[in-house]
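Below: one structure, written as C-alpha cells.
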Amino acid sequence: MDMQKTYNPKDFEDRIYADWEKSGHFRAEIDADKVPFTIMMPPPNITGQLHMGHAMDATLQDTLIRFKRMQGYAALWLPGCDHASIATEVKIVEKMKSEGVTKADIGRDGFLERAWDWKEQYGNRIMLQQRKMGTSCDWSRQAFTMDEKCSRAVREVFVNLYEKGLIYQGDRIINWCPCCKTALSDAEVEYAEEGGHFWHLRYPAADGSTDVVVATTRPETMLGDTAVAVHPDDERYKSLVGKTLKLPLTDREIPVVADEYVDPAFGTGCVKITPAHDPNDFEVGKRHDLPVIRVMNDDGTMNGLAGAYQGLDRYVARKKIVSDLEAGGYLVKIEAHTHNVGHCYRCHSTVEPIVSKQWFVKMEPLAKPAINAVMKNKVKFVPERFSKIYYNWMENVRDWCISRQLWWGHRIPVWYCQDCGKVICTKDDPTVCPKCGSAHIRQDEDVLDTWFSSALWPFSTLGYPDETEDYKYFYPTDVLVTGYDIIFFWVARMIFSGIEHTGKVPFHDVLIHGIIRDEQGRKMSKSLGNGIDPLEVIEKYGADSLRLSLLRGVAPGNDTRYSDTKVEACRNFINKLWNAARFVLMNVGSVKKIPSIETVKLAPADKWIISKLQNCIREVTTNLNKYELGVASDLVTDFVWDNFCDWYIELSKPALYGEDEGRKADALAVLCFVLENALKLLHPFIPFVTEEIYANLPKTKGSIMVAEFPRYNSKMAYKKEAKAFEGVMEIIKAVRAMKKDADCPPSKKVELHIVTDSKRLIQLNKDCIIKLSGASALNFVDSAAEVDGKTVSSVTEIAQIYVPLGELVDVEKEKARLTAEIERIDGEIARAESKLSNANFVNKAPQKLVDAEKEKVKKYQDMKAKCVAQLESL
RNA sequence: GGAGGCGUAGCUCAGUUGGUUAGAGCACUACCUUGACAUGGUAGAGGUCGGAGGUUCGAGCCCUCUCGCGUCCACCA
C-alpha cells in the first residue's frame, strides 16, 4: 500500500462515503436473529443548513449506531426532514417580497406550489451536507414530515384526539405574532427583558364623585378595557365596587369589579381589565361576565373598535393615545419600568396576547402518563437532571394551541357545513355534510403547528397507524439524541404522543447534549455572525477530526466551546494513528507469513500491550453503553497514542530489526492484532480514516463498519504480566531521566549496570531496555562497587541502576538529587504510616486498601534503604 | 419568584456508586531531525479543586451556608 507521510482526509473521505452508500451497509434489515437498535434522527428543517448543532447531533448518533451495528444489532438510524411550517413560510414570503409578490396575489394553491418547489430545491441540501459528516443512516427510509406516511399519521392522530375530546376549538387568549400573522404556542414565545414604561391613568367615576388610577405597560389596550378590578378586601375601594367609571377617550362606561386576582399591595391596587388582550384579564372577565372587546387587527394595527385610532399601528396608536390622555388630563405619571416582553421565536417581533378562536390540545390527560413514564424510568434522561426540567414543564403545561394561520403545513382536517353548521372531523375527506347532506362544506383554513407532526416522528416514519413490519420490529426506538434546547418543543411532545397513540414510550433513553458555543463562550447566532460552518472545518481538517473534537472530553448535557486548536489536536492524533499504521504496514512486507495471534509466543511487551488493549476494550464498551462518549473517546485515543505508539511500537523495534525471523513475525502479528482492534474501537468515532487503514491491513476483508466490535477476552488480560512489565518500563524511564539530568546528549549511548532481584525479567527485556533508554549495554552487577568510574544512579521498584558517565557526573548534583529523592520517599512513607496508625482506618477501610498501604510502606522502605546506600557510597 | 448548571493547571475542559501521589489537550521550559510520524519524540515545570463550616477512617465528589458567572421556566396589571 502506498500511504502518504501525512494523513490527508480529502484523499479518501468522499470516496469512502460513496462506497459505503453503494455497499448497502447503511440499510437496516429486519432480522429475527438480531436485536433491533433504533435511533430516529431529529429532522432538520428543510430551510436549514448544516450547523454545529447538527454536527454534534450527527456525531453522537453516528458513533452510537456504528457501535451497535458492529456489535451485531440490526441498527436503524432513520433520517429525514421537517417541513418547518412557520420557518419555511417566513422564508418563502421573504423571497416573494423581493420579487414583489404577496401571498394574496398568488393564493393558497399558488403559494403551496412555491413551497413544494422550495422543498424540492432545498430539502435535500442538508441531507447532502449530513453525508459529509459520515452519517451512516438508512437513506432508503428517509422521511419527510409532510410525506404521505407522516401526513396519514397526523390525520389519524388528529381525528382520534378530536373524537376523544382532547382536541377542541375555542376563543382563548393566545400569543399572536403580528408579523407572521399567526397564533403561536407558549413554547414558541421567547421572553426578553426590555426597558419600557408604566403609564398611570386616571379613570373618573361616571357620576363625577371620584376617580381611580390604574397603571399599564400597554396603554393602547385601554380602548378594550371593560372593567377596573380591585381586591374584594381592599378597604380603600370597597365603596367603589359596583360603581361605574368613564373610560377616557371613549364614550363607554365600565364597572368596578372585585376580584381576588388583584394584589392590593402592588401599584395603586386598581387594575384595568382588558379581557381581549391579557390572559389574566381574560380570566377575570370570564368570572364577571365582562364583554370582550378586541381592538387590534391581526397585523398589529388598531381596528374599528378603536375609534379614532383605527388603522394606526399599535405603537403609533400608543403614542397618540398617551398624548391624548395627557391632553385630557387623564395621565397621572409615567414611570420607567423593565419587564419581560414575549417575542416570536421565528421573526422576533413582539407578540401580542390576543383573544382568538383557535384549536387546542387538552394537555392534562396527556401529561399525566407522560410524567409517569419518566418517573418509572420507562424513559430515562441522560444526564438524569434533565428529567427535572421535563417534570417542571409537564406539570405546569397549559393547553397546546395547535392551529396556525399559515398555509405551509398539515391543513386541519375539519370541515364546516355551510348549511347546518355541522363540524366534521373524519379520517377521509368528506364530500357532503353527514348530517344534512349539503355539499356546501368548507375546510378549516388553518394548518397545524409544525411540532404536531414532529411529535409523531418516532412512529409516523415507521408506518403508524399501520402495523407494518418496520413498526413492529423497530418501535419503540432505543435512544433519542438531541440538545436540551428542544426538550419542550419536541422531546416532551414525542413522549406523550407516543404513549397516547401507540401505548408505548417512543424511546427508552434520551441523550441530551449541550450547545456548541464560539471560542469566547457565546452562543453562535446569525445576528452575531459568530457561527462556525462545519463544512469549512471539514474542508480544512476532515470530518473525522471535527467529529473527534466534538466528542473528546465532553460530558453529556454540558455546553462546549468550539476551538480550532482542539480540532487540530484531534487531527494530530489521527495523523499519529495514520503513521502508526504506516509503520506496521511498511514492516508487513518484510515477513513471509504473519502468524495468527493465538500461535504467537508472546514476549512480555506483547502481553503488556494486549493486556492494555483488553482493558481498553472493556472500558470503551462500558462507557459507550453508558452514553459516556467523551470518556470512551479519551480512553481509546490515549490507548493508541500512549500505549501503542509511544511504547509498544518502540518496544517492537528490536524484534523487527533483529535477526530472529520467528520473533520478527511474532511481533508483527501482535502489531497487526492490536492495530486492527484499535481501528475497530475507533471506528464509531472516526469512521473514515479507520476504514481507509483497515482496507489495507493484511487479513482483513470487507468494510470495517460491519466488522465485529472487539470483545473483552479475559484470557488475554495478562494482569500479572502487564504489572511486571511496568517494572521494566520504569527502568527505561529512569535511565532517560538520568541522562537528561546529567546533560548527557540523547545520542550518546551509555552502559547500564543493574543490581536486581528480577534478573530474569530484565534479561528477557534486555534489548528493549537498551534500545529505548539509549544504552549500549546492560550488565548485571551485585553492587555499585563493581562499577568503574563515576556514576549516576537511580532506584526503581525492581532495580538499582548505575550509569558511568565519567566527566558528566556532578557528584554534588547527584547527592542533591538523591537527598531529594529520599525526602520524597520519606513523605510517602509518612503518609502511609499515618494512615496505618489510625485504628479507624485499619478497622473500617476495605482490607484491600489497608493491604495496599502496607505494601506501599514496604516498597518505599526498601527503596529508601537503597537510596541511602547510594548516597553513602558517594 | 421557582428550578437547574458552572467555578479544578496560564487557557479550554474531563474527573461515573467517596478510596493510592487530582488527569488530558493547548500553551510553557530544556534537549533531540533516533530507519512511522516535527501534525513528532524525551524529560520537565505548573493545581491549598471559588470560600467557610459539617458528615466520614477517608471529600474535587455527600450535607449546610456563602461569593461569582451562565441557563431554563414563570411573571404583578
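Ordering of the C-alpha cells sets the chain letters (A, B, ...); residue numbers start at 1 within each chain; ligands are numbered from 1 in the order shown.
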For a quick test of understanding: name the residues of chain B lying within 6 Å of chain A when counting only C-alpha atoms (C1' of nucleotides), and present them as a VMD selection string. chain B and resid 14 36 to 37 39 43 57 77
Near segment 187-190 of chain A, within 8 Å and counting only C-alpha atoms (C1' of nucleotides), which residues show up once chain neighbours fewer than 2 positions away are dropped, as a tab-separated table (two decimals) with N, CA and C atoms, in the first residue's frame?
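Once everything was written out, this is out36.tsv:
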chain	number	residue	atom	x	y	z
A	175	ASN	N	-50.88	33.62	21.98
A	175	ASN	CA	-49.80	34.52	21.59
A	175	ASN	C	-49.90	34.78	20.09
A	184	LEU	N	-49.28	31.45	18.06
A	184	LEU	CA	-48.10	30.67	18.43
A	184	LEU	C	-48.42	29.89	19.70
A	185	SER	N	-47.72	28.79	19.91
A	185	SER	CA	-47.89	28.09	21.18
A	185	SER	C	-47.04	28.79	22.23
A	192	ALA	N	-37.80	38.32	26.71
A	192	ALA	CA	-36.57	39.07	26.91
A	192	ALA	C	-36.90	40.33	27.69
A	342	GLY	N	-42.59	39.20	25.38
A	342	GLY	CA	-42.55	37.99	24.55
A	342	GLY	C	-42.26	38.30	23.10
A	343	HIS	N	-41.45	37.45	22.48
A	343	HIS	CA	-41.13	37.63	21.06
A	343	HIS	C	-41.35	36.33	20.31
A	344	CYS	N	-41.70	36.49	19.06
A	344	CYS	CA	-41.89	35.33	18.18
A	344	CYS	C	-40.54	34.64	17.98
A	345	TYR	N	-40.50	33.31	18.14
A	345	TYR	CA	-39.21	32.61	18.07
A	345	TYR	C	-38.69	32.53	16.63
A	351	VAL	N	-44.79	39.73	20.45
A	351	VAL	CA	-46.09	39.07	20.29
A	351	VAL	C	-47.14	39.81	21.12
A	488	PHE	N	-38.77	20.82	25.41
A	488	PHE	CA	-40.20	21.15	25.48
A	488	PHE	C	-40.88	21.04	24.13
A	489	PHE	N	-40.22	21.63	23.12
A	489	PHE	CA	-40.80	21.62	21.79
A	489	PHE	C	-41.10	20.22	21.32
Interatomic distance (Å, one decimal) between atom CA of Thr482 of chain A and atom CA of Pro687 of chain A: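 Atom CA of Pro687 of chain A lies at a distance of 21.1 Å from atom CA of Thr482 of chain A.
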Interatomic distance (Å, one decimal) between atom CA of Lys815 of chain A and atom CA of Ala784 of chain A: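 If I compute the distance from atom CA of Lys815 of chain A to atom CA of Ala784 of chain A, I get 15.3 Å.
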Skipping near chain neighbours, those fewer than 3 positions away, what residues fall within 12 Å of Val857 of chain A using only C-alpha atoms (C1' of nucleotides), listed as a PyMOL selection string? (chain A and resi 825-836+850-854+860-864) or (chain B and resi 20)
Contacts of C6 of chain B at 10 Å (only C-alpha atoms (C1' of nucleotides); same-chain gap of 5+ positions) as a ChimeraX atom specification: /A:558 /B:69-71
Pull the strand (DSSP E) assignments for segment 360-515 of chain A out of DSSP run on the backbone, and list those residues as a PyMOL selection string. chain A and resi 360-361+380-382+400-401+403-404+415-417+423-424+441-443+447-448+477-483+507-513
Which one of A:Glu619, A:Ile822, A:Gly806, A:Arg760 sits closest to U16 of chain B if you count only C-alpha atoms (C1' of nucleotides)?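 For U16 of chain B, the nearest of the candidates is A:Glu619.
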Work out how far atom CA of Leu818 of chain A is from atom CA of Leu871 of chain A, in Å to one decimal. 6.4 Å
Skip Ser633 of chain A itself and residues of its chain fewer than 3 positions away, then list as a ChimeraX atom specification all residues within 12 Å of it, counting only C-alpha atoms (C1' of nucleotides). /A:60,63-64,547-555,570,573,616-617,619-624,627-630,636-640,678,681-686 /B:14,24
Counting only C-alpha atoms, the residue of A:Glu29, A:Asp105, A:Glu13, A:Asp429 that sits nearest Arg155 of chain A: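 Closest to Arg155 of chain A of all the choices is A:Asp429.
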Run DSSP on the backbone and grab whatever in segment 235-425 of chain A lands in alpha helix (DSSP H); send it over as a PyMOL selection string. chain A and resi 279-288+314-327+364-375+386-396
Would you mind exporting N, CA and C atoms of the selected residues as a compact mmCIF listing (two decimals), in the first residue's frame?
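Below is the file that was written, again22.txt:
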# COMPACT_ATOMS: atom_id res chain seq x y z
N PRO A 279 -54.05 37.56 29.29
CA PRO A 279 -54.55 36.27 29.77
C PRO A 279 -55.20 36.34 31.15
N ASN A 280 -54.62 37.11 32.05
CA ASN A 280 -55.22 37.20 33.39
C ASN A 280 -56.54 37.94 33.34
N ASP A 281 -56.54 39.03 32.58
CA ASP A 281 -57.78 39.80 32.44
C ASP A 281 -58.88 38.97 31.80
N PHE A 282 -58.46 38.10 30.92
CA PHE A 282 -59.44 37.23 30.26
C PHE A 282 -60.16 36.37 31.29
N GLU A 283 -59.36 35.84 32.23
CA GLU A 283 -59.94 35.01 33.29
C GLU A 283 -60.86 35.85 34.19
N VAL A 284 -60.40 37.04 34.53
CA VAL A 284 -61.23 37.92 35.36
C VAL A 284 -62.54 38.22 34.62
N GLY A 285 -62.40 38.49 33.34
CA GLY A 285 -63.58 38.80 32.53
C GLY A 285 -64.59 37.67 32.54
N LYS A 286 -64.06 36.44 32.45
CA LYS A 286 -64.96 35.30 32.46
C LYS A 286 -65.73 35.22 33.78
N ARG A 287 -65.03 35.47 34.88
CA ARG A 287 -65.65 35.36 36.20
C ARG A 287 -66.74 36.41 36.38
N HIS A 288 -66.55 37.57 35.76
CA HIS A 288 -67.51 38.65 35.98
C HIS A 288 -68.39 38.91 34.77
N ARG A 314 -49.85 49.61 16.24
CA ARG A 314 -50.02 49.58 17.71
C ARG A 314 -49.12 50.60 18.43
N TYR A 315 -47.92 50.78 17.88
CA TYR A 315 -47.01 51.69 18.59
C TYR A 315 -47.29 53.15 18.28
N VAL A 316 -47.77 53.40 17.07
CA VAL A 316 -48.18 54.76 16.72
C VAL A 316 -49.41 55.14 17.56
N ALA A 317 -50.31 54.16 17.64
CA ALA A 317 -51.53 54.40 18.42
C ALA A 317 -51.17 54.65 19.88
N ARG A 318 -50.19 53.90 20.37
CA ARG A 318 -49.79 54.05 21.77
C ARG A 318 -49.37 55.49 22.04
N LYS A 319 -48.52 56.00 21.15
CA LYS A 319 -48.01 57.36 21.31
C LYS A 319 -49.14 58.38 21.31
N LYS A 320 -50.04 58.19 20.35
CA LYS A 320 -51.14 59.15 20.20
C LYS A 320 -52.10 59.07 21.39
N ILE A 321 -52.36 57.85 21.82
CA ILE A 321 -53.27 57.67 22.95
C ILE A 321 -52.70 58.32 24.20
N VAL A 322 -51.39 58.12 24.40
CA VAL A 322 -50.76 58.72 25.57
C VAL A 322 -50.87 60.24 25.52
N SER A 323 -50.60 60.80 24.34
CA SER A 323 -50.64 62.27 24.28
C SER A 323 -52.08 62.77 24.40
N ASP A 324 -53.03 62.01 23.87
CA ASP A 324 -54.43 62.40 24.02
C ASP A 324 -54.88 62.31 25.47
N LEU A 325 -54.39 61.27 26.15
CA LEU A 325 -54.74 61.13 27.56
C LEU A 325 -54.18 62.29 28.36
N GLU A 326 -52.95 62.62 28.00
CA GLU A 326 -52.31 63.72 28.69
C GLU A 326 -53.09 65.02 28.47
N ALA A 327 -53.45 65.22 27.22
CA ALA A 327 -54.22 66.42 26.88
C ALA A 327 -55.53 66.48 27.64
N GLU A 364 -53.85 18.08 30.07
CA GLU A 364 -53.78 17.38 31.35
C GLU A 364 -53.81 15.85 31.24
N PRO A 365 -54.78 15.30 30.49
CA PRO A 365 -54.83 13.83 30.42
C PRO A 365 -53.62 13.24 29.70
N LEU A 366 -52.96 14.02 28.86
CA LEU A 366 -51.80 13.51 28.13
C LEU A 366 -50.53 13.63 28.98
N ALA A 367 -50.49 14.69 29.76
CA ALA A 367 -49.27 14.95 30.54
C ALA A 367 -49.07 13.91 31.64
N LYS A 368 -50.17 13.50 32.27
CA LYS A 368 -50.04 12.60 33.42
C LYS A 368 -49.27 11.32 33.12
N PRO A 369 -49.71 10.55 32.12
CA PRO A 369 -48.94 9.33 31.82
C PRO A 369 -47.53 9.63 31.35
N ALA A 370 -47.35 10.79 30.73
CA ALA A 370 -46.01 11.13 30.24
C ALA A 370 -45.06 11.42 31.40
N ILE A 371 -45.61 12.01 32.44
CA ILE A 371 -44.80 12.25 33.65
C ILE A 371 -44.46 10.92 34.31
N ASN A 372 -45.48 10.07 34.38
CA ASN A 372 -45.29 8.74 34.97
C ASN A 372 -44.21 7.92 34.29
N ALA A 373 -44.21 8.00 32.97
CA ALA A 373 -43.26 7.19 32.21
C ALA A 373 -41.83 7.53 32.60
N VAL A 374 -41.59 8.80 32.84
CA VAL A 374 -40.23 9.19 33.23
C VAL A 374 -39.97 8.83 34.69
N MET A 375 -40.99 9.02 35.52
CA MET A 375 -40.83 8.68 36.94
C MET A 375 -40.52 7.20 37.10
N PHE A 386 -31.99 16.30 33.58
CA PHE A 386 -32.93 16.90 32.66
C PHE A 386 -34.36 16.40 32.88
N SER A 387 -34.51 15.31 33.61
CA SER A 387 -35.87 14.87 33.88
C SER A 387 -36.59 15.88 34.77
N LYS A 388 -35.83 16.60 35.59
CA LYS A 388 -36.47 17.61 36.45
C LYS A 388 -37.00 18.77 35.62
N ILE A 389 -36.24 19.13 34.63
CA ILE A 389 -36.68 20.20 33.73
C ILE A 389 -37.95 19.76 33.01
N TYR A 390 -37.93 18.51 32.63
CA TYR A 390 -39.09 17.92 31.94
C TYR A 390 -40.33 17.92 32.85
N TYR A 391 -40.14 17.44 34.07
CA TYR A 391 -41.27 17.43 35.02
C TYR A 391 -41.83 18.82 35.22
N ASN A 392 -40.94 19.74 35.44
CA ASN A 392 -41.34 21.11 35.71
C ASN A 392 -42.24 21.65 34.60
N TRP A 393 -41.87 21.33 33.37
CA TRP A 393 -42.65 21.83 32.24
C TRP A 393 -43.97 21.06 32.12
N MET A 394 -43.87 19.75 32.20
CA MET A 394 -45.04 18.89 32.02
C MET A 394 -46.10 19.15 33.09
N GLU A 395 -45.64 19.38 34.30
CA GLU A 395 -46.60 19.55 35.40
C GLU A 395 -47.33 20.89 35.32
N ASN A 396 -46.74 21.85 34.63
CA ASN A 396 -47.36 23.17 34.55
C ASN A 396 -47.87 23.52 33.16
I'd like to know which of B:G10, B:G18, B:G4, B:G40 is closest to U55 of chain B, using only C-alpha atoms (C1' of nucleotides).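 Ranking B:G10, B:G18, B:G4, B:G40 by distance to U55 of chain B, first place goes to B:G18.
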Considering only C-alpha atoms (C1' of nucleotides), return as a PyMOL selection string whatever protein or nucleic-acid residues lie within 7 Å of segment 355-360 of chain A, sequence-local ones (same chain, fewer than 2 positions apart) excluded. chain A and resi 167-174+276-277+353+362+399-403
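The neighbours of Ser783 of chain A here are the residues that come within 12 Å of it, using only C-alpha atoms (C1' of nucleotides) and leaving out any residue fewer than 3 positions away in the same chain; they are His753, Ile754, Val755, Thr756, Asn779, Phe780, Glu786, Val787, Asp788, Ser793, Ala799, Gln800, Ile801, Tyr802, Lys866, Ala869, Gln870 and Ser873 of chain A.
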Could you save the residues just selected, with N, CA, C and O atoms, as a CSV table (one decimal), in the first residue's frame?
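What landed in selection20.csv:
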chain,number,residue,atom,x,y,z
A,753,HIS,N,24.5,-0.6,34.5
A,753,HIS,CA,24.9,-1.6,35.4
A,753,HIS,C,23.7,-1.7,36.4
A,753,HIS,O,23.4,-0.7,37.1
A,754,ILE,N,23.2,-2.9,36.5
A,754,ILE,CA,22.0,-3.1,37.3
A,754,ILE,C,22.1,-4.1,38.4
A,754,ILE,O,22.6,-5.2,38.2
A,755,VAL,N,21.7,-3.7,39.6
A,755,VAL,CA,21.5,-4.6,40.7
A,755,VAL,C,20.1,-4.9,40.9
A,755,VAL,O,19.2,-4.0,40.9
A,756,THR,N,19.7,-6.2,40.8
A,756,THR,CA,18.3,-6.5,40.9
A,756,THR,C,18.0,-7.9,41.3
A,756,THR,O,18.9,-8.8,41.2
A,779,ASN,N,24.6,-4.6,32.0
A,779,ASN,CA,25.3,-5.7,32.8
A,779,ASN,C,24.6,-5.8,34.1
A,779,ASN,O,24.2,-4.8,34.7
A,780,PHE,N,24.6,-7.0,34.6
A,780,PHE,CA,24.1,-7.3,36.0
A,780,PHE,C,25.3,-7.2,36.9
A,780,PHE,O,26.4,-7.8,36.6
A,786,GLU,N,31.2,-2.8,41.9
A,786,GLU,CA,31.7,-3.4,40.7
A,786,GLU,C,31.8,-2.5,39.5
A,786,GLU,O,32.4,-2.8,38.5
A,787,VAL,N,31.2,-1.3,39.7
A,787,VAL,CA,31.2,-0.4,38.5
A,787,VAL,C,32.3,0.6,38.6
A,787,VAL,O,32.5,1.2,39.6
A,788,ASP,N,33.1,0.6,37.5
A,788,ASP,CA,34.2,1.5,37.4
A,788,ASP,C,33.8,2.9,37.1
A,788,ASP,O,32.9,3.2,36.4
A,793,SER,N,23.1,7.3,39.5
A,793,SER,CA,22.4,6.1,39.8
A,793,SER,C,20.9,6.5,40.1
A,793,SER,O,20.5,7.6,40.3
A,799,ALA,N,14.9,-2.4,40.6
A,799,ALA,CA,16.3,-2.3,40.2
A,799,ALA,C,17.0,-1.1,40.8
A,799,ALA,O,16.4,-0.1,41.0
A,800,GLN,N,18.3,-1.3,41.0
A,800,GLN,CA,19.2,-0.1,41.2
A,800,GLN,C,20.0,0.0,40.0
A,800,GLN,O,20.7,-1.0,39.5
A,801,ILE,N,20.0,1.2,39.4
A,801,ILE,CA,20.7,1.4,38.1
A,801,ILE,C,21.9,2.3,38.3
A,801,ILE,O,21.8,3.4,38.9
A,802,TYR,N,23.1,1.9,37.7
A,802,TYR,CA,24.3,2.7,37.8
A,802,TYR,C,24.7,3.0,36.4
A,802,TYR,O,24.8,2.0,35.6
A,866,LYS,N,18.0,1.7,49.7
A,866,LYS,CA,18.9,1.6,48.5
A,866,LYS,C,19.4,3.0,48.2
A,866,LYS,O,20.6,3.2,47.9
A,869,ALA,N,22.0,4.0,50.8
A,869,ALA,CA,23.3,3.3,50.5
A,869,ALA,C,24.0,4.0,49.3
A,869,ALA,O,25.2,4.2,49.4
A,870,GLN,N,23.3,4.4,48.3
A,870,GLN,CA,23.9,5.1,47.2
A,870,GLN,C,24.5,6.4,47.6
A,870,GLN,O,25.6,6.8,47.2
A,873,SER,N,27.7,5.8,49.4
A,873,SER,CA,28.8,5.4,48.5
A,873,SER,C,29.4,6.6,47.8
A,873,SER,O,30.5,6.5,47.3
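With only C-alpha atoms as the atoms that count, the minimum distance from Asp11 of chain A to the choices A:Pro556, A:Gly311, A:Gly542, A:Pro506 is reached by A:Gly542.
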